[in-house]
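Data file: data_26.pdb. Format and content: PDB, C-alpha atoms.
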ATOM      1  CA  ALA N  22       0.000   0.000   0.000
ATOM      2  CA  ALA N  23       2.873   2.379   0.756
ATOM      3  CA  ALA N  24       4.429   1.667  -2.640
ATOM      4  CA  MET N  25       1.071   2.391  -4.285
ATOM      5  CA  CYS N  26       0.809   5.760  -2.513
ATOM      6  CA  ALA N  27       4.393   6.643  -3.456
ATOM      7  CA  ALA N  28       3.798   5.745  -7.118
ATOM      8  CA  ALA N  29       0.544   7.713  -7.213
ATOM      9  CA  PHE N  30       2.233  10.746  -5.620
ATOM     10  CA  SER N  31       5.178  10.675  -8.038
ATOM     11  CA  PHE N  32       2.768  10.350 -10.988
ATOM     12  CA  GLU N  33       0.695  13.274  -9.723
ATOM     13  CA  THR N  34       3.855  15.388  -9.281
ATOM     14  CA  ALA N  35       5.086  14.552 -12.798
ATOM     15  CA  VAL N  36       1.691  15.270 -14.403
ATOM     16  CA  GLN N  37       1.327  18.596 -12.588
ATOM     17  CA  ASP N  38       3.848  20.204 -14.967
ATOM     18  CA  LEU N  39       1.823  19.024 -17.984
ATOM     19  CA  GLU N  40      -1.491  20.448 -16.773
ATOM     20  CA  VAL N  41      -3.079  23.216 -18.902
ATOM     21  CA  PRO N  42      -6.313  24.381 -17.203
ATOM     22  CA  SER N  43      -7.214  26.857 -19.979
ATOM     23  CA  LEU N  44      -7.503  23.959 -22.452
ATOM     24  CA  SER N  45      -9.333  21.768 -19.906
ATOM     25  CA  LEU N  46      -6.316  19.469 -19.679
ATOM     26  CA  THR N  47      -6.354  18.692 -15.976
ATOM     27  CA  LYS N  48      -4.650  15.956 -14.054
ATOM     28  CA  ALA N  49      -7.768  14.862 -12.120
ATOM     29  CA  LYS N  50      -8.927  12.268 -14.657
ATOM     30  CA  ALA N  51      -5.411  10.842 -15.205
ATOM     31  CA  VAL N  52      -4.717  10.688 -11.451
ATOM     32  CA  ALA N  53      -8.053   8.939 -10.809
ATOM     33  CA  GLU N  54      -7.320   6.461 -13.600
ATOM     34  CA  ILE N  55      -3.812   5.646 -12.334
ATOM     35  CA  ASP N  56      -5.161   5.277  -8.773
ATOM     36  CA  MET N  57      -7.760   2.811 -10.056
ATOM     37  CA  LYS N  58      -5.173   0.829 -12.039
ATOM     38  CA  LEU N  59      -2.741   0.729  -9.112
ATOM     39  CA  GLY N  60      -5.532  -0.400  -6.769
ATOM     40  CA  THR N  61      -6.560  -3.163  -9.183
ATOM     41  CA  ALA N  62      -2.944  -4.289  -9.538
ATOM     42  CA  LEU N  63      -2.520  -4.316  -5.751
ATOM     43  CA  ASN N  64      -5.674  -6.404  -5.269
ATOM     44  CA  ASP N  65      -4.839  -8.846  -8.091
ATOM     45  CA  PHE N  66      -1.167  -9.313  -7.209
ATOM     46  CA  PRO N  67      -1.524 -12.125  -4.595
ATOM     47  CA  ASP N  68      -3.150 -14.403  -7.227
ATOM     48  CA  SER N  69      -0.833 -13.458 -10.091
ATOM     49  CA  PRO N  70       1.943 -15.634 -11.553
ATOM     50  CA  ALA N  71       4.463 -13.004 -10.439
ATOM     51  CA  ALA N  72       3.398 -13.445  -6.809
ATOM     52  CA  ARG N  73       3.640 -17.234  -7.111
ATOM     53  CA  LEU N  74       7.121 -16.879  -8.593
ATOM     54  CA  LYS N  75       8.137 -14.524  -5.779
ATOM     55  CA  ASN N  76       6.830 -16.974  -3.164
ATOM     56  CA  MET N  77       8.633 -19.850  -4.900
ATOM     57  CA  LYS N  78      11.900 -17.898  -4.827
ATOM     58  CA  GLU N  79      11.443 -17.184  -1.095
ATOM     59  CA  VAL N  80      10.802 -20.875  -0.391
ATOM     60  CA  THR N  81      13.854 -21.870  -2.427
ATOM     61  CA  ARG N  82      15.985 -19.292  -0.639
ATOM     62  CA  ALA N  83      14.809 -20.546   2.769
ATOM     63  CA  ALA N  84      15.414 -24.181   1.782
ATOM     64  CA  ASN N  85      18.927 -23.464   0.517
ATOM     65  CA  LYS N  86      19.849 -21.330   3.515
ATOM     66  CA  GLN N  87      22.873 -22.685   5.298
ATOM     67  CA  LYS N  88      22.328 -23.399   8.968
ATOM     68  CA  LYS N  89      24.354 -21.429  11.418
ATOM     69  CA  PRO N  90      26.573 -23.359  13.822
ATOM     70  CA  THR N  91      24.316 -22.280  16.697
ATOM     71  CA  GLU N  92      21.395 -24.294  15.268
ATOM     72  CA  ARG N  93      22.676 -27.640  16.533
ATOM     73  CA  SER N  94      20.216 -29.977  18.159
ATOM     74  CA  ILE N  95      19.703 -33.426  19.595
ATOM     75  CA  ASP N  96      16.173 -34.824  19.450
ATOM     76  CA  LEU N  97      15.087 -37.994  21.194
ATOM     77  CA  GLY N  98      12.077 -40.106  20.321
ATOM     78  CA  LEU N  99      10.604 -43.375  21.510
ATOM     79  CA  ASP N 100       8.756 -45.925  19.403
ATOM     80  CA  LEU N 101       6.774 -48.724  21.000
ATOM     81  CA  VAL N 102       5.619 -51.578  18.783
ATOM     82  CA  ALA N 103       3.345 -54.167  20.404
ATOM     83  CA  MET N 104       1.940 -57.349  18.888
ATOM     84  CA  ILE N 105      -0.959 -59.131  20.538
ATOM     85  CA  ARG N 106      -1.381 -62.782  19.471
ATOM     86  CA  PRO N 107      -4.544 -64.359  20.927
ATOM     87  CA  ASP N 108      -5.794 -67.902  20.219
ATOM     88  CA  GLY N 109      -6.850 -68.612  16.655
ATOM     89  CA  PHE N 110      -5.646 -69.650  13.223
ATOM     90  CA  GLY N 111      -4.860 -66.249  11.656
ATOM     91  CA  ASN N 112      -8.231 -65.070  10.379
ATOM     92  CA  LEU N 113      -8.139 -61.786  12.355
ATOM     93  CA  GLN N 114      -5.472 -59.166  11.736
ATOM     94  CA  GLY N 115      -5.287 -55.470  12.441
ATOM     95  CA  PHE N 116      -2.962 -52.594  13.219
ATOM     96  CA  ALA N 117      -3.382 -49.177  14.810
ATOM     97  CA  GLY N 118      -0.859 -46.418  15.305
ATOM     98  CA  TYR N 119      -0.558 -43.080  17.035
ATOM     99  CA  GLN N 120       2.110 -40.412  16.681
ATOM    100  CA  LEU N 121       2.814 -37.556  19.077
ATOM    101  CA  GLY N 122       5.803 -35.418  18.157
ATOM    102  CA  GLY N 123       8.752 -37.773  17.716
ATOM    103  CA  ASN N 124       7.081 -40.625  19.610
ATOM    104  CA  ASN N 125       5.102 -43.451  18.010
ATOM    105  CA  VAL N 126       2.930 -46.260  19.339
ATOM    106  CA  ILE N 127       1.908 -49.096  17.017
ATOM    107  CA  VAL N 128      -0.271 -51.988  18.196
ATOM    108  CA  GLY N 129      -1.035 -55.028  16.079
ATOM    109  CA  VAL N 130      -3.410 -57.949  16.605
ATOM    110  CA  HIS N 131      -3.060 -61.285  14.825
ATOM    111  CA  ASN N 132      -4.900 -64.320  16.206
ATOM    112  CA  ASP N 133      -2.506 -66.985  14.969
ATOM    113  CA  ALA N 134      -1.313 -68.500  18.267
ATOM    114  CA  ASP N 135      -2.842 -71.909  17.442
ATOM    115  CA  ALA N 136      -1.566 -72.121  13.845
ATOM    116  CA  PRO N 137       0.860 -75.035  13.376
ATOM    117  CA  ASP N 138       3.372 -73.024  11.329
ATOM    118  CA  VAL N 139       3.568 -70.356  14.070
ATOM    119  CA  ILE N 140       4.041 -72.969  16.790
ATOM    120  CA  SER N 141       6.843 -74.586  14.761
ATOM    121  CA  GLN N 142       8.578 -71.190  14.438
ATOM    122  CA  PHE N 143       8.668 -70.962  18.233
ATOM    123  CA  GLY N 144      10.190 -74.432  18.729
ATOM    124  CA  GLY N 145       6.926 -76.269  19.407
ATOM    125  CA  LYS N 146       5.647 -73.697  21.913
ATOM    126  CA  ARG N 147       2.905 -71.147  21.521
ATOM    127  CA  PRO N 148       4.040 -67.560  20.870
ATOM    128  CA  PRO N 149       3.788 -65.081  23.740
ATOM    129  CA  PHE N 150       0.403 -63.376  24.087
ATOM    130  CA  ILE N 151       1.953 -59.909  23.848
ATOM    131  CA  ARG N 152       5.326 -58.796  22.585
ATOM    132  CA  VAL N 153       6.615 -55.226  22.977
ATOM    133  CA  GLN N 154       9.579 -53.812  21.084
ATOM    134  CA  PRO N 155      10.810 -50.410  22.243
ATOM    135  CA  LYS N 156      13.009 -48.352  19.939
ATOM    136  CA  LEU N 157      14.932 -45.247  20.975
ATOM    137  CA  LYS N 158      15.523 -42.734  18.172
ATOM    138  CA  VAL N 159      18.276 -40.131  18.401
ATOM    139  CA  ASP N 160      18.407 -37.340  15.807
ATOM    140  CA  VAL N 161      21.612 -35.288  15.974
ATOM    141  CA  GLU N 162      22.065 -32.166  13.832
ATOM    142  CA  LEU N 163      25.520 -30.638  13.796
TER     143      LEU N 163
END

Rewrite the structure from the file as structure tokens, please.
Amino acid sequence: AAAMCAAAFSFETAVQDLEVPSLSLTKAKAVAEIDMKLGTALNDFPDSPAARLKNMKEVTRAANKQKKPTERSIDLGLDLVAMIRPDGFGNLQGFAGYQLGGNNVIVGVHNDADAPDVISQFGGKRPPFIRVQPKLKVDVEL
């Protein structure tokens, strides 16, 4: 808006020298027309290809910006994966997950504890009812 006012003022100042009131050549119509065109350009600019290009250049500049040495960080996260294996022959399966920040919880259900192939994988014994696998994630940025 400030650039629009500055452009309108400089146009009005430049046109003032060309004004000839005796011939009815006044600057009022030209100033009103340039104000209207500048206002339309200001309102249409956010949707224009030039604005998209400008935004794209800003995103590219931010993505290519080198990190300063003071922006080092160490982030820790914990993942818990649990598998519940009730009695059955494998006709029920399902998974659910939840993520909060850098932490994840995933729970699966598979009722294959009575299946012969599963029992043979565990040396002739049934698999445990629930198995939990924790995983600690460390993200270091230097």

(message) Which residue is closest to Ala27 (chain N)? Choose from N:Ala117, N:Leu59, N:Val102, N:Val41 and count only C-alpha atoms.
(response) N:Leu59

(message) Let me make sure I understand: among N:Ala62, N:Leu74, N:Leu157, N:Leu163, which one has the smallest atom-to-atom distance to Gly123 (chain N) if we use all atoms listed in the file?
(response) N:Leu157

(request) For CA of Leu99 (chain N) and CA of Gly115 (chain N), determine how far apart the two atoms are, in Å to one decimal place. (result)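 Spanning CA of Leu99 (chain N) to CA of Gly115 (chain N) is a straight-line distance of 21.9 Å.
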
(message) Running the PyMOL selection byres ((chain N and resi 147) around 10) on this model by hand, what would come out? Give it as a VMD selection string.
(response) chain N and resid 106 108 133 to 137 139 to 146 148 to 150

Go ahead and write the selection's residues with C-alpha atoms as an mmCIF file, keeping the file's coordinate frame.
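To be explicit, this is the file written out as result.cif:
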data_model
loop_
_atom_site.group_PDB
_atom_site.id
_atom_site.type_symbol
_atom_site.label_atom_id
_atom_site.label_comp_id
_atom_site.auth_asym_id
_atom_site.auth_seq_id
_atom_site.Cartn_x
_atom_site.Cartn_y
_atom_site.Cartn_z
ATOM 1 C CA ARG N 106 -1.381 -62.782 19.471
ATOM 2 C CA ASP N 108 -5.794 -67.902 20.219
ATOM 3 C CA ASP N 133 -2.506 -66.985 14.969
ATOM 4 C CA ALA N 134 -1.313 -68.500 18.267
ATOM 5 C CA ASP N 135 -2.842 -71.909 17.442
ATOM 6 C CA ALA N 136 -1.566 -72.121 13.845
ATOM 7 C CA PRO N 137 0.860 -75.035 13.376
ATOM 8 C CA VAL N 139 3.568 -70.356 14.070
ATOM 9 C CA ILE N 140 4.041 -72.969 16.790
ATOM 10 C CA SER N 141 6.843 -74.586 14.761
ATOM 11 C CA GLN N 142 8.578 -71.190 14.438
ATOM 12 C CA PHE N 143 8.668 -70.962 18.233
ATOM 13 C CA GLY N 144 10.190 -74.432 18.729
ATOM 14 C CA GLY N 145 6.926 -76.269 19.407
ATOM 15 C CA LYS N 146 5.647 -73.697 21.913
ATOM 16 C CA PRO N 148 4.040 -67.560 20.870
ATOM 17 C CA PRO N 149 3.788 -65.081 23.740
ATOM 18 C CA PHE N 150 0.403 -63.376 24.087
#

(request) Mind giving me the straight-line distance from CA of Pro67 (chain N) to CA of Arg82 (chain N) in Å, one decimal? (result) 19.3 Å

Specify the axis-aligned box that encloses all atoms of region 157-163 of chain N listed in the file after padding of 3 Å on each side, stating its centre and edge lengths in Å to one decimal as JSON.
{"center_x": 20.2, "center_y": -37.9, "center_z": 17.4, "size_x": 16.6, "size_y": 20.6, "size_z": 13.2}

(request) Select, from N:Asn112, N:Val153, N:Arg73, N:Ala28, the residue with the minimum atom-to-atom distance to Asp56 (chain N), counting all atoms listed in the file. (result) N:Ala28

(message) Counting only C-alpha atoms, which residue out of N:Val161, N:Gly60, N:Val128, N:Ile95 sits closest to Phe116 (chain N)?
(response)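 Closest candidate: N:Val128.
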
(request) Considering all atoms listed in the file, return as a ChimeraX atom specification whatever protein or nucleic-acid residues lie within 10 Å of Ile55 (chain N), sequence-local ones (same chain, fewer than 6 positions apart) excluded. (result) /N:25,28-29,32-33,61

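Those DNA, RNA and protein residues that approach the point (7.8, -40.6, 27.0) to within 10 Å, considering all atoms listed in the file, are N:Leu97, N:Gly98, N:Leu99, N:Asp100, N:Leu121, N:Gly123, N:Asn124, N:Asn125.
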
(request) Provide the CA of Lys78 (chain N) to CA of Glu92 (chain N) distance in Å, to one decimal place. (result)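 It comes out at 23.1 Å.
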
Incomplete region 28-39 of chain N brought to all heavy atoms, written out as a short mmCIF file (atom, residue, chain, number, x, y, z; two decimals), keeping the file's coordinate frame:
data_model
loop_
_atom_site.label_atom_id
_atom_site.label_comp_id
_atom_site.auth_asym_id
_atom_site.auth_seq_id
_atom_site.Cartn_x
_atom_site.Cartn_y
_atom_site.Cartn_z
N ALA N 28 3.90 5.70 -5.66
CA ALA N 28 3.80 5.74 -7.12
C ALA N 28 2.74 6.75 -7.56
O ALA N 28 2.94 7.50 -8.52
CB ALA N 28 3.47 4.35 -7.65
N ALA N 29 1.60 6.76 -6.87
CA ALA N 29 0.54 7.71 -7.21
C ALA N 29 1.01 9.15 -6.99
O ALA N 29 0.73 10.04 -7.81
CB ALA N 29 -0.71 7.42 -6.39
N PHE N 30 1.74 9.40 -5.91
CA PHE N 30 2.23 10.75 -5.62
C PHE N 30 3.25 11.19 -6.66
O PHE N 30 3.21 12.33 -7.15
CB PHE N 30 2.85 10.80 -4.22
CG PHE N 30 3.38 12.15 -3.86
CD1 PHE N 30 2.52 13.20 -3.57
CD2 PHE N 30 4.75 12.39 -3.86
CE1 PHE N 30 3.01 14.46 -3.25
CE2 PHE N 30 5.25 13.64 -3.56
CZ PHE N 30 4.39 14.68 -3.25
N SER N 31 4.18 10.29 -7.04
CA SER N 31 5.18 10.68 -8.04
C SER N 31 4.53 10.91 -9.40
O SER N 31 4.93 11.81 -10.15
CB SER N 31 6.28 9.62 -8.14
OG SER N 31 5.76 8.40 -8.60
N PHE N 32 3.49 10.12 -9.74
CA PHE N 32 2.77 10.35 -10.99
C PHE N 32 2.07 11.71 -10.96
O PHE N 32 2.13 12.47 -11.93
CB PHE N 32 1.74 9.23 -11.21
CG PHE N 32 0.91 9.42 -12.46
CD1 PHE N 32 1.43 9.13 -13.70
CD2 PHE N 32 -0.39 9.91 -12.37
CE1 PHE N 32 0.67 9.32 -14.85
CE2 PHE N 32 -1.15 10.10 -13.50
CZ PHE N 32 -0.62 9.80 -14.75
N GLU N 33 1.42 11.99 -9.84
CA GLU N 33 0.70 13.27 -9.72
C GLU N 33 1.67 14.45 -9.81
O GLU N 33 1.37 15.46 -10.45
CB GLU N 33 -0.06 13.31 -8.39
CG GLU N 33 -0.97 14.50 -8.25
CD GLU N 33 -1.81 14.43 -6.98
OE1 GLU N 33 -1.90 13.35 -6.38
OE2 GLU N 33 -2.39 15.47 -6.62
N THR N 34 2.84 14.32 -9.22
CA THR N 34 3.86 15.39 -9.28
C THR N 34 4.37 15.58 -10.71
O THR N 34 4.54 16.71 -11.18
CB THR N 34 5.03 15.04 -8.35
OG1 THR N 34 4.52 14.80 -7.04
CG2 THR N 34 6.03 16.17 -8.30
N ALA N 35 4.58 14.47 -11.42
CA ALA N 35 5.09 14.55 -12.80
C ALA N 35 4.04 15.14 -13.74
O ALA N 35 4.36 15.89 -14.67
CB ALA N 35 5.52 13.17 -13.28
N VAL N 36 2.77 14.81 -13.52
CA VAL N 36 1.69 15.27 -14.40
C VAL N 36 1.35 16.74 -14.13
O VAL N 36 0.84 17.44 -15.01
CB VAL N 36 0.45 14.37 -14.23
CG1 VAL N 36 -0.77 14.91 -14.95
CG2 VAL N 36 0.75 12.97 -14.72
N GLN N 37 1.67 17.23 -12.96
CA GLN N 37 1.33 18.60 -12.59
C GLN N 37 1.98 19.60 -13.55
O GLN N 37 1.38 20.62 -13.88
CB GLN N 37 1.79 18.87 -11.15
CG GLN N 37 1.26 20.14 -10.57
CD GLN N 37 1.54 20.20 -9.07
OE1 GLN N 37 2.28 19.39 -8.55
NE2 GLN N 37 0.94 21.16 -8.41
N ASP N 38 3.17 19.30 -14.04
CA ASP N 38 3.85 20.20 -14.97
C ASP N 38 3.18 20.20 -16.34
O ASP N 38 3.33 21.15 -17.11
CB ASP N 38 5.32 19.80 -15.13
CG ASP N 38 6.09 19.95 -13.82
OD1 ASP N 38 5.65 20.74 -12.96
OD2 ASP N 38 7.12 19.25 -13.66
N LEU N 39 2.45 19.14 -16.67
CA LEU N 39 1.82 19.02 -17.98
C LEU N 39 0.40 19.59 -18.01
O LEU N 39 -0.22 19.64 -19.06
CB LEU N 39 1.79 17.55 -18.42
CG LEU N 39 3.15 16.84 -18.49
CD1 LEU N 39 2.94 15.36 -18.77
CD2 LEU N 39 4.04 17.48 -19.53
#
